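Asks: Below are the structure tokens for one structure; questions will follow.
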Amino acid sequence: MTRQLVTALVVSFLVLCLPNLLWVSRSTAVVRNTSQQMAADVRVNVGSAVIEIGTLAAGASRFLLLPAGGDATLNVVFRMAGVEREACGEYVEGSMYHVRVILSPDLQARCETDLPLFSRLLVMEWL
């Protein structure tokens, strides 16, 4: 019985950690709207590539696979309370980077970048 429990725990741990291997091949981002207002016309610019998100409701988030490529700068553009805003300016590469973009209640945005291969679970960012 104990051996089955240990096996089940090990398998569960591996299932949670295996998605982290995605970061070996691609960089990712998550855009979270923590404000009480809808963000419209949201787009993420990575170098010359543009990822159109569109509307992001209050409290909503969107997980993104960033374009594969070399060195680039990531910024986010969005419209909130009738004003177009641009934020960030984070350095990213084509793989192993993760950027968290937080659209905050003060109608601004902040970005956090890390190399999360082992520091956090990708599964938690998807939720």
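Residues are named by chain letter and number: chains run A, B, ... in the order of the structure tokens, numbers start at 1 in each chain, and ligands are numbered from 1 in the order shown.
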Taking the backbone alone, and naming residues the way the document does, which bits of segment 28-120 of chain A are strand (DSSP E or B) by DSSP, as a PyMOL selection string?
Replies: chain A and resi 28-33+39-46+49-56+61-65+72-80+83-92+98-103+109-114
Asks: Could you give me, as a list in words, the residues within 6 Å of Leu103 of chain A, counting only C-alpha atoms and dropping anything in the same chain fewer than 2 positions from it?
Replies: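 Here the qualifying residues turn out to be Asn33, Thr34, Gln108 and Ala109 of chain A.
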Asks: For the residues in that selection, give me C-alpha atoms as a JSON list (two decimals), in the first residue's frame.
Replies:
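Contents of result.json, as written:
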```json
[["chain", "number", "residue", "atom", "x", "y", "z"],
["A", 33, "ASN", "CA", -6.19, 42.36, -15.53],
["A", 34, "THR", "CA", -6.37, 42.88, -11.77],
["A", 108, "GLN", "CA", -1.15, 51.17, -14.99],
["A", 109, "ALA", "CA", 0.78, 48.03, -15.87]]
```
Asks: I want to know what sits within 10 Å of Leu56 of chain A, based on only C-alpha atoms, with residues of the same chain fewer than 3 positions away left out; could you give that as a PyMOL selection string?
Replies: chain A and resi 31-33+37-42+53+59-62+78+103
Asks: Write out, as an mmCIF file, in the first residue's frame, the residues just selected, with C-alpha atoms.
Replies:
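Generated file (again_26.cif):
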```cif
data_model
loop_
_atom_site.group_PDB
_atom_site.id
_atom_site.type_symbol
_atom_site.label_atom_id
_atom_site.label_comp_id
_atom_site.auth_asym_id
_atom_site.auth_seq_id
_atom_site.Cartn_x
_atom_site.Cartn_y
_atom_site.Cartn_z
ATOM 1 C CA VAL A 31 -1.403 39.116 -19.000
ATOM 2 C CA ARG A 32 -3.640 39.600 -15.928
ATOM 3 C CA ASN A 33 -6.188 42.360 -15.532
ATOM 4 C CA GLN A 37 -12.252 47.861 -15.397
ATOM 5 C CA MET A 38 -12.194 46.165 -18.765
ATOM 6 C CA ALA A 39 -8.994 46.555 -20.792
ATOM 7 C CA ALA A 40 -9.660 46.952 -24.509
ATOM 8 C CA ASP A 41 -7.425 46.660 -27.557
ATOM 9 C CA VAL A 42 -4.796 44.737 -25.574
ATOM 10 C CA ILE A 53 -5.399 39.814 -27.264
ATOM 11 C CA GLY A 59 -10.137 39.834 -13.277
ATOM 12 C CA ALA A 60 -9.370 37.883 -16.464
ATOM 13 C CA SER A 61 -6.005 36.658 -17.701
ATOM 14 C CA ARG A 62 -4.535 35.304 -20.909
ATOM 15 C CA PHE A 78 -3.975 48.622 -23.885
ATOM 16 C CA LEU A 103 -2.778 45.536 -15.366
#
```
Asks: Write down as number ranges by chain the residues of chain A whose backbone DSSP state falls under alpha helix (DSSP H).
Replies: A: 2-17, 22-25, 122-126
Asks: Could the residues in this selection be saved with N, CA and C atoms as a compact mmCIF listing (two decimals), in the first residue's frame?
Replies:
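Ended up saving to part.txt:
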```
# COMPACT_ATOMS: atom_id res chain seq x y z
N THR A 2 1.91 1.30 0.78
CA THR A 2 2.80 2.45 0.86
C THR A 2 3.52 2.66 -0.46
N ARG A 3 3.92 1.57 -1.09
CA ARG A 3 4.63 1.67 -2.37
C ARG A 3 3.72 2.29 -3.43
N GLN A 4 2.44 1.95 -3.44
CA GLN A 4 1.50 2.52 -4.40
C GLN A 4 1.29 4.01 -4.15
N LEU A 5 1.26 4.40 -2.90
CA LEU A 5 1.11 5.81 -2.55
C LEU A 5 2.31 6.61 -3.03
N VAL A 6 3.51 6.09 -2.77
CA VAL A 6 4.74 6.77 -3.21
C VAL A 6 4.76 6.88 -4.73
N THR A 7 4.39 5.82 -5.42
CA THR A 7 4.35 5.83 -6.88
C THR A 7 3.35 6.88 -7.37
N ALA A 8 2.19 6.93 -6.76
CA ALA A 8 1.17 7.90 -7.15
C ALA A 8 1.66 9.33 -6.93
N LEU A 9 2.34 9.58 -5.82
CA LEU A 9 2.87 10.91 -5.53
C LEU A 9 3.95 11.30 -6.53
N VAL A 10 4.84 10.38 -6.87
CA VAL A 10 5.91 10.66 -7.83
C VAL A 10 5.32 10.95 -9.21
N VAL A 11 4.36 10.15 -9.63
CA VAL A 11 3.72 10.36 -10.94
C VAL A 11 3.00 11.71 -10.95
N SER A 12 2.30 12.06 -9.90
CA SER A 12 1.60 13.34 -9.82
C SER A 12 2.59 14.51 -9.91
N PHE A 13 3.69 14.40 -9.20
CA PHE A 13 4.71 15.44 -9.24
C PHE A 13 5.27 15.60 -10.66
N LEU A 14 5.55 14.50 -11.33
CA LEU A 14 6.08 14.56 -12.69
C LEU A 14 5.08 15.17 -13.67
N VAL A 15 3.81 14.84 -13.50
CA VAL A 15 2.77 15.40 -14.37
C VAL A 15 2.70 16.91 -14.20
N LEU A 16 2.86 17.41 -12.98
CA LEU A 16 2.84 18.85 -12.74
C LEU A 16 4.09 19.54 -13.27
N CYS A 17 5.24 18.87 -13.23
CA CYS A 17 6.50 19.50 -13.62
C CYS A 17 6.84 19.37 -15.10
N LEU A 22 8.28 23.05 -21.56
CA LEU A 22 7.87 23.98 -22.61
C LEU A 22 8.79 25.19 -22.62
N TRP A 23 9.22 25.64 -21.43
CA TRP A 23 10.06 26.82 -21.35
C TRP A 23 11.45 26.60 -21.95
N VAL A 24 11.85 25.36 -22.17
CA VAL A 24 13.13 25.10 -22.82
C VAL A 24 13.06 25.53 -24.28
N SER A 25 11.88 25.40 -24.88
CA SER A 25 11.76 25.71 -26.30
C SER A 25 11.06 27.03 -26.61
N LEU A 122 4.57 25.88 -14.42
CA LEU A 122 3.82 26.42 -15.55
C LEU A 122 2.33 26.20 -15.37
N VAL A 123 1.96 25.07 -14.81
CA VAL A 123 0.55 24.76 -14.59
C VAL A 123 -0.13 25.86 -13.77
N MET A 124 0.57 26.43 -12.80
CA MET A 124 -0.01 27.48 -11.96
C MET A 124 -0.21 28.77 -12.75
N GLU A 125 0.62 29.05 -13.76
CA GLU A 125 0.47 30.24 -14.58
C GLU A 125 -0.72 30.12 -15.51
N TRP A 126 -1.06 28.89 -15.92
CA TRP A 126 -2.19 28.67 -16.81
C TRP A 126 -3.50 28.95 -16.11
```
Asks: Can you work out the spacing between atom CA of His98 of chain A and atom CA of Val83 of chain A in Å, to one decimal?
Replies: 27.2 Å
Asks: Here is a test: counting only C-alpha atoms, which residue of A:Ala57, A:Leu66, A:Ile51, A:Val44 is nearest to Ser95 of chain A?
Replies: A:Leu66
Asks: Kindly indicate which residue among A:Cys111, A:Val30, A:Val77, A:Ala58 lies nearest to Tyr91 of chain A, using only C-alpha atoms for the distances.
Replies: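 Nearest candidate to Tyr91 of chain A out of A:Cys111, A:Val30, A:Val77, A:Ala58: A:Cys111.
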Asks: Counting only C-alpha atoms, figure out which residue out of A:Ser27, A:Gly70, A:Glu84, A:Glu90 gets nearest to Asn45 of chain A.
Replies: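 Comparing A:Ser27, A:Gly70, A:Glu84, A:Glu90 against Asn45 of chain A, the winner is A:Glu90.
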Asks: Would you work out the distance separating atom CA of Arg100 of chain A from atom CA of Cys88 of chain A, expressed in Å to one decimal?
Replies: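 It comes out at 10.4 Å.
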